[in-house]
Amino acid sequence: MKNVLTVFKKEIRRYFTDRRMLMALFLPGILIFVIYTVVGRVFSTINLTGSITQTTYHIAYTDNSGAATSPLIVQSFEAYLQQSEDEKTNSASYKAILVSDVETYKQEVAQGKYDVLVVFSDDFENKITVRDGSFNYIHIYYNGASSIGSHAYEVILSLADNAYKNYFVNIGSDGKPITPNVGSSDFLGAKLMSVLLPMATMSLLFSSVVSICPDAVAGEKERGTLSAMLLTPIKRGELAIGKILAISVVSLASGITAFLGLALSLPNLMQGLNFTLTPGMIAFMGALVVTTLLLFVSIGMVVSTFAKSVKECSSLMAPFMILAIGASFLPFIVSSKSLGLAFVPFANIALSMSTLLETGNVDLPFFATTIGVNLVLTGALIFVVSRLFKVERIMIK
Amino acid sequence: MEENAILKAEHLRKTFKLNSRQKRERKVLTDSLVAVDDLSLTLKPGVIYGLLGPNGAGKTTTLRMVATLLTPDKGELTYQGKPVGHNLSEYRKHLGFLTSELKLDDFFTASYTYDYMSALYGIPPEVAAKRKEEVFARFGVTPFANAQIKNLSTGMKQKVSLAISICHDPEIIIYDEPTNGLDILASRDVENFLLDLKKQGKAIVISTHIFSLVEKLCDEVGIILEGKMKLEGTLQELTKEKSLEDVFFDLVEEKQ
């Protein structure tokens, strides 16, 4: 153990006091923050406020407005479609519904069958002109996950403001604020995050490992500095474990920096969307990140030990990186998460992360199996590294 | 000759597998190369043993086997009468190995590298600190002990390597091509270093193809050709009738 600590301290000193190495370790985190912030700002300007072309808006409204034909707001929307240059290729279908069906149609909006639901207070069109002190309102519901719904909501809200500006009308309120977005408020953010975060995390963790592992053994072999250590009385397994521990710590520091960069840039990236990481999600994510990192480090160490040079090591690691990043796209393809998938390395990590972020819940058997598979594989690979350290054809240049 | 042997290497044999590129380069059809065959040598305290041979003769492979960097296919190493294979760690504590291929990590200072290697040899920090002071002063390393190795000249690096190779005060010193790539001043430092160690009673083996170096330093000489020990004896015995150079070339011609 003393020897492991000696090797560990030397390796840590090597990485944390080398300016170039520090740059390689922590630059990704800074870059992620900058890039995601810029991307978020750009998307926020083109997302919901932009025009929608080639579509049919599906609008439902309650039939209690008291209007002779269709409510003024519906007529205004139709007129807007005909007059607007941006919307002339678009059309709208309207459906008058019973007040008693409002809750049903809210569900339809949430499911994307309707883009907007307009709910009027009873005899709305007549009562606003009488000014008898009655409480008149229009509620407009939409699904924030749909860009068409969001756009239609913005337009109708603006048209309603304009159409009823001379009347006492509560738009979007019945004395207390309502929630016009009937889609899952976290839906879009969670969906984006469930795809983005696994991919970002996998690639960040692997790239931090790629920036460190090649030098750890292959680099030392290439420079001729490893042989001196192999001649000392310490066991080769101790040397291997000391190096693996140090690289795990360094990679973890790099991974945390990258994760911080990501977390800090989230508010900018997800402008207008409601997405929060709860402490529970962070704890489970932490367990996944740490075990995934250990797995990646041990893969990197096997490759670094096997390779004769830094260049060879980097080339040999490329297929593993492609596999890891490729696996992070699996949540797009795989809809059912059977427990069997938890035994497939890389795929299990991406699917665990994706489930956690999309639903905010943990599929405990799947999650525990993933962590278990990560740890068992890490242990097996560390064993392989310590065996490889004893193979002179591999270790001696 | 073997009465006070500290280390005996007996009947060492080492073969290397050749890949297709190596076979093409060497123009051979066999899958393996016999680098060392049935080679024995004995090291004694206070004696410098010179392993003399042309490039590719098997000198480096022999020394690497003695240093336990390579494992012989056949043969045995005995340290103080006990087989080394049974107690590799203990043997390595008494072994100092130097070669031009063993490099120091450019990033660290000489002082830190010395401390690190001492720790790997299990030397208590206070003992290591005292010895570092002495050894660095002996080799003139003290003025640049805290400079990064990458900023040192070749000669300075050589001094640091020498100092570190004896950080654990080894009984056996193995030095592969000791003056290879060094200028005359650095070469002289190395020669003095080896003579110093000899005076201290260390058992030393060097490999070289420089006759003058063997004649200047060595007490015993082994001539190795194509992996086999062709001639062995004290320098006086071998040079009784002709120079070492003539002895060597006679052997080469005989072989051809």
# chains A, B, ... in the order shown; residues from 1 in each chain; ligands from 1
call {"tool": "select_by_dssp", "arguments": {"residues": "segment 133-193 of chain B", "states": "strand (DSSP E)", "output": "PDB file with C-alpha atoms, in the first residue's frame"}}
result
ATOM      1  CA  ILE B 172      25.826  -4.932  -7.718  1.00  0.00           C
ATOM      2  CA  ILE B 173      26.152  -2.295 -10.443  1.00  0.00           C
ATOM      3  CA  ILE B 174      25.144  -3.103 -13.995  1.00  0.00           C
ATOM      4  CA  TYR B 175      26.055  -0.525 -16.602  1.00  0.00           C
ATOM      5  CA  ASP B 176      25.112  -1.033 -20.240  1.00  0.00           C
TER       6      ASP B 176
END
call {"tool": "residues_around", "arguments": {"residues": "segment 118-130 of chain A", "least_positions_apart": "2", "cutoff": "6 Å", "atoms": "only C-alpha atoms", "output": "MDAnalysis selection string"}}
result
chainID A and resid 61:62 64:67 132 136:140
call {"tool": "write_last_selection", "arguments": {"atoms": "N, CA and C atoms", "output": "tab-separated table (two decimals), in the first residue's frame"}}
result
chain	number	residue	atom	x	y	z
A	61	TYR	N	-62.15	25.52	-29.16
A	61	TYR	CA	-62.64	26.60	-28.29
A	61	TYR	C	-63.99	26.20	-27.71
A	62	THR	N	-64.31	26.72	-26.57
A	62	THR	CA	-65.58	26.37	-25.93
A	62	THR	C	-66.74	27.08	-26.65
A	64	ASN	N	-69.40	28.30	-25.48
A	64	ASN	CA	-70.24	29.08	-24.56
A	64	ASN	C	-70.01	30.57	-24.68
A	65	SER	N	-69.35	31.02	-25.76
A	65	SER	CA	-68.98	32.44	-25.82
A	65	SER	C	-70.17	33.35	-26.13
A	66	GLY	N	-71.24	32.73	-26.65
A	66	GLY	CA	-72.41	33.53	-26.98
A	66	GLY	C	-72.30	34.20	-28.34
A	67	ALA	N	-71.22	33.93	-29.09
A	67	ALA	CA	-71.05	34.53	-30.42
A	67	ALA	C	-72.02	33.88	-31.39
A	132	ASP	N	-71.74	44.54	-16.75
A	132	ASP	CA	-72.60	44.39	-15.57
A	132	ASP	C	-71.81	43.96	-14.33
A	136	ASN	N	-65.34	38.31	-16.63
A	136	ASN	CA	-65.21	37.70	-17.96
A	136	ASN	C	-63.75	37.35	-18.24
A	137	TYR	N	-63.56	36.16	-18.77
A	137	TYR	CA	-62.16	35.77	-19.02
A	137	TYR	C	-62.01	34.88	-20.25
A	138	ILE	N	-60.82	34.88	-20.72
A	138	ILE	CA	-60.42	33.91	-21.77
A	138	ILE	C	-59.18	33.19	-21.22
A	139	HIS	N	-59.23	31.88	-21.26
A	139	HIS	CA	-58.04	31.09	-20.91
A	139	HIS	C	-57.52	30.42	-22.17
A	140	ILE	N	-56.26	30.54	-22.37
A	140	ILE	CA	-55.67	29.92	-23.58
A	140	ILE	C	-54.64	28.87	-23.11
call {"tool": "residues_around", "arguments": {"residues": "segment 246-250 of chain B", "least_positions_apart": "2", "cutoff": "10 Å", "atoms": "only C-alpha atoms", "output": "PyMOL selection string"}}
result
chain B and resi 52-54+211+223-225+230-231+238-239+241-244+252-256
call {"tool": "interface_residues", "arguments": {"of": "chain B", "to": "chain A", "cutoff": "7 Å", "atoms": "only C-alpha atoms", "output": "PDB file with N, CA and C atoms, in the first residue's frame"}}
result
ATOM      1  N   LEU B  69      15.171  -7.432 -15.786  1.00  0.00           N
ATOM      2  CA  LEU B  69      14.240  -6.729 -16.660  1.00  0.00           C
ATOM      3  C   LEU B  69      13.661  -7.724 -17.672  1.00  0.00           C
ATOM      4  N   LEU B  70      14.461  -8.691 -18.045  1.00  0.00           N
ATOM      5  CA  LEU B  70      14.012  -9.777 -18.913  1.00  0.00           C
ATOM      6  C   LEU B  70      14.155 -11.096 -18.155  1.00  0.00           C
ATOM      7  N   SER B  89      12.245  -9.309  -5.322  1.00  0.00           N
ATOM      8  CA  SER B  89      12.232  -7.975  -4.698  1.00  0.00           C
ATOM      9  C   SER B  89      13.489  -7.755  -3.874  1.00  0.00           C
ATOM     10  N   GLU B  90      13.886  -8.763  -3.127  1.00  0.00           N
ATOM     11  CA  GLU B  90      15.066  -8.645  -2.274  1.00  0.00           C
ATOM     12  C   GLU B  90      16.312  -8.436  -3.141  1.00  0.00           C
ATOM     13  N   ARG B  92      16.448  -7.142  -6.139  1.00  0.00           N
ATOM     14  CA  ARG B  92      16.433  -5.817  -6.782  1.00  0.00           C
ATOM     15  C   ARG B  92      16.886  -4.706  -5.832  1.00  0.00           C
ATOM     16  N   LYS B  93      16.713  -4.931  -4.546  1.00  0.00           N
ATOM     17  CA  LYS B  93      17.167  -3.918  -3.564  1.00  0.00           C
ATOM     18  C   LYS B  93      18.679  -3.739  -3.610  1.00  0.00           C
ATOM     19  N   GLU B 101      19.283   3.807 -22.371  1.00  0.00           N
ATOM     20  CA  GLU B 101      17.853   3.720 -22.669  1.00  0.00           C
ATOM     21  C   GLU B 101      16.972   4.008 -21.450  1.00  0.00           C
ATOM     22  N   LEU B 102      17.577   3.980 -20.272  1.00  0.00           N
ATOM     23  CA  LEU B 102      16.813   4.321 -19.061  1.00  0.00           C
ATOM     24  C   LEU B 102      16.863   5.835 -18.899  1.00  0.00           C
ATOM     25  N   LYS B 103      15.711   6.465 -19.041  1.00  0.00           N
ATOM     26  CA  LYS B 103      15.698   7.931 -19.007  1.00  0.00           C
ATOM     27  C   LYS B 103      15.036   8.439 -17.730  1.00  0.00           C
ATOM     28  N   LEU B 104      15.333   9.705 -17.432  1.00  0.00           N
ATOM     29  CA  LEU B 104      14.682  10.358 -16.297  1.00  0.00           C
ATOM     30  C   LEU B 104      13.504  11.159 -16.829  1.00  0.00           C
ATOM     31  N   ASP B 105      12.467  11.256 -16.015  1.00  0.00           N
ATOM     32  CA  ASP B 105      11.303  12.030 -16.435  1.00  0.00           C
ATOM     33  C   ASP B 105      11.684  13.505 -16.483  1.00  0.00           C
ATOM     34  N   LEU B 120      10.762   4.212  -3.648  1.00  0.00           N
ATOM     35  CA  LEU B 120      10.432   2.931  -4.281  1.00  0.00           C
ATOM     36  C   LEU B 120      11.366   1.819  -3.805  1.00  0.00           C
ATOM     37  N   TYR B 121      12.592   2.198  -3.438  1.00  0.00           N
ATOM     38  CA  TYR B 121      13.527   1.198  -2.904  1.00  0.00           C
ATOM     39  C   TYR B 121      13.317   0.974  -1.408  1.00  0.00           C
TER      40      TYR B 121
END
call {"tool": "atom_distance", "arguments": {"atom1": "atom CA of Lys240 of chain B", "atom2": "atom CA of Lys216 of chain B"}}
result
15.7 Å
call {"tool": "residues_around", "arguments": {"residues": "Leu18 of chain B", "least_positions_apart": "2", "cutoff": "12 Å", "atoms": "only C-alpha atoms", "output": "ChimeraX atom specification"}}
result
/A:393 /B:15-16,20-35
call {"tool": "select_by_dssp", "arguments": {"residues": "segment 59-124 of chain A", "states": "helix (DSSP H, G or I)", "output": "PyMOL selection string"}}
result
chain A and resi 72-83+99-110+124
call {"tool": "residues_around", "arguments": {"residues": "Phe33 of chain A", "least_positions_apart": "4", "cutoff": "9 Å", "atoms": "only C-alpha atoms", "output": "VMD selection string"}}
result
chain A and resid 28 to 29 37 to 38 258 260 to 266
call {"tool": "closest_residue", "arguments": {"among": "A:Val102, A:Ile349, A:Val385, A:Leu72", "to": "Ala287 of chain A", "atoms": "only C-alpha atoms"}}
result
A:Ile349
call {"tool": "decode", "arguments": {"residues": "segment 100-159 of chain B", "atoms": "C-alpha atoms", "output": "mmCIF file, in the first residue's frame"}}
result
data_model
loop_
_atom_site.group_PDB
_atom_site.id
_atom_site.type_symbol
_atom_site.label_atom_id
_atom_site.label_comp_id
_atom_site.auth_asym_id
_atom_site.auth_seq_id
_atom_site.Cartn_x
_atom_site.Cartn_y
_atom_site.Cartn_z
ATOM 1 C CA SER B 100 21.396 5.019 -22.072
ATOM 2 C CA GLU B 101 17.853 3.720 -22.669
ATOM 3 C CA LEU B 102 16.813 4.321 -19.061
ATOM 4 C CA LYS B 103 15.698 7.931 -19.007
ATOM 5 C CA LEU B 104 14.682 10.358 -16.297
ATOM 6 C CA ASP B 105 11.303 12.030 -16.435
ATOM 7 C CA ASP B 106 12.026 15.459 -17.913
ATOM 8 C CA PHE B 107 9.271 17.088 -15.948
ATOM 9 C CA PHE B 108 10.664 16.489 -12.447
ATOM 10 C CA THR B 109 13.707 17.893 -10.698
ATOM 11 C CA ALA B 110 16.771 15.794 -9.906
ATOM 12 C CA SER B 111 16.012 16.152 -6.214
ATOM 13 C CA TYR B 112 12.411 14.939 -6.528
ATOM 14 C CA THR B 113 13.388 12.037 -8.806
ATOM 15 C CA TYR B 114 16.015 10.957 -6.293
ATOM 16 C CA ASP B 115 13.458 11.069 -3.452
ATOM 17 C CA TYR B 116 10.908 9.156 -5.521
ATOM 18 C CA MET B 117 13.315 6.389 -6.503
ATOM 19 C CA SER B 118 14.566 6.152 -2.904
ATOM 20 C CA ALA B 119 10.988 5.705 -1.727
ATOM 21 C CA LEU B 120 10.432 2.931 -4.281
ATOM 22 C CA TYR B 121 13.527 1.198 -2.904
ATOM 23 C CA GLY B 122 12.005 1.474 0.574
ATOM 24 C CA ILE B 123 14.676 3.778 1.990
ATOM 25 C CA PRO B 124 13.456 5.840 4.984
ATOM 26 C CA PRO B 125 13.171 9.559 4.041
ATOM 27 C CA GLU B 126 15.735 10.747 6.603
ATOM 28 C CA VAL B 127 18.318 8.196 5.410
ATOM 29 C CA ALA B 128 17.547 9.092 1.773
ATOM 30 C CA ALA B 129 17.954 12.836 2.510
ATOM 31 C CA LYS B 130 21.359 12.338 4.087
ATOM 32 C CA ARG B 131 22.545 10.092 1.269
ATOM 33 C CA LYS B 132 21.191 12.487 -1.346
ATOM 34 C CA GLU B 133 23.276 15.294 0.095
ATOM 35 C CA GLU B 134 26.418 13.147 -0.075
ATOM 36 C CA VAL B 135 25.787 11.655 -3.498
ATOM 37 C CA PHE B 136 24.726 14.959 -5.096
ATOM 38 C CA ALA B 137 27.835 16.629 -3.685
ATOM 39 C CA ARG B 138 29.984 13.759 -4.979
ATOM 40 C CA PHE B 139 28.636 14.148 -8.539
ATOM 41 C CA GLY B 140 28.316 17.941 -8.474
ATOM 42 C CA VAL B 141 24.537 17.754 -8.842
ATOM 43 C CA THR B 142 23.756 20.062 -5.883
ATOM 44 C CA PRO B 143 23.801 23.362 -7.877
ATOM 45 C CA PHE B 144 21.088 22.149 -10.262
ATOM 46 C CA ALA B 145 19.290 19.710 -7.953
ATOM 47 C CA ASN B 146 16.086 21.737 -8.078
ATOM 48 C CA ALA B 147 16.059 22.437 -11.798
ATOM 49 C CA GLN B 148 13.722 20.469 -14.045
ATOM 50 C CA ILE B 149 15.589 17.681 -15.811
ATOM 51 C CA LYS B 150 14.464 18.972 -19.207
ATOM 52 C CA ASN B 151 16.542 22.092 -18.596
ATOM 53 C CA LEU B 152 19.772 20.167 -17.957
ATOM 54 C CA SER B 153 22.554 19.374 -20.441
ATOM 55 C CA THR B 154 23.350 15.778 -21.427
ATOM 56 C CA GLY B 155 26.326 15.747 -19.082
ATOM 57 C CA MET B 156 24.248 17.063 -16.177
ATOM 58 C CA LYS B 157 21.561 14.462 -16.847
ATOM 59 C CA GLN B 158 24.207 11.752 -16.839
ATOM 60 C CA LYS B 159 25.422 12.918 -13.427
#
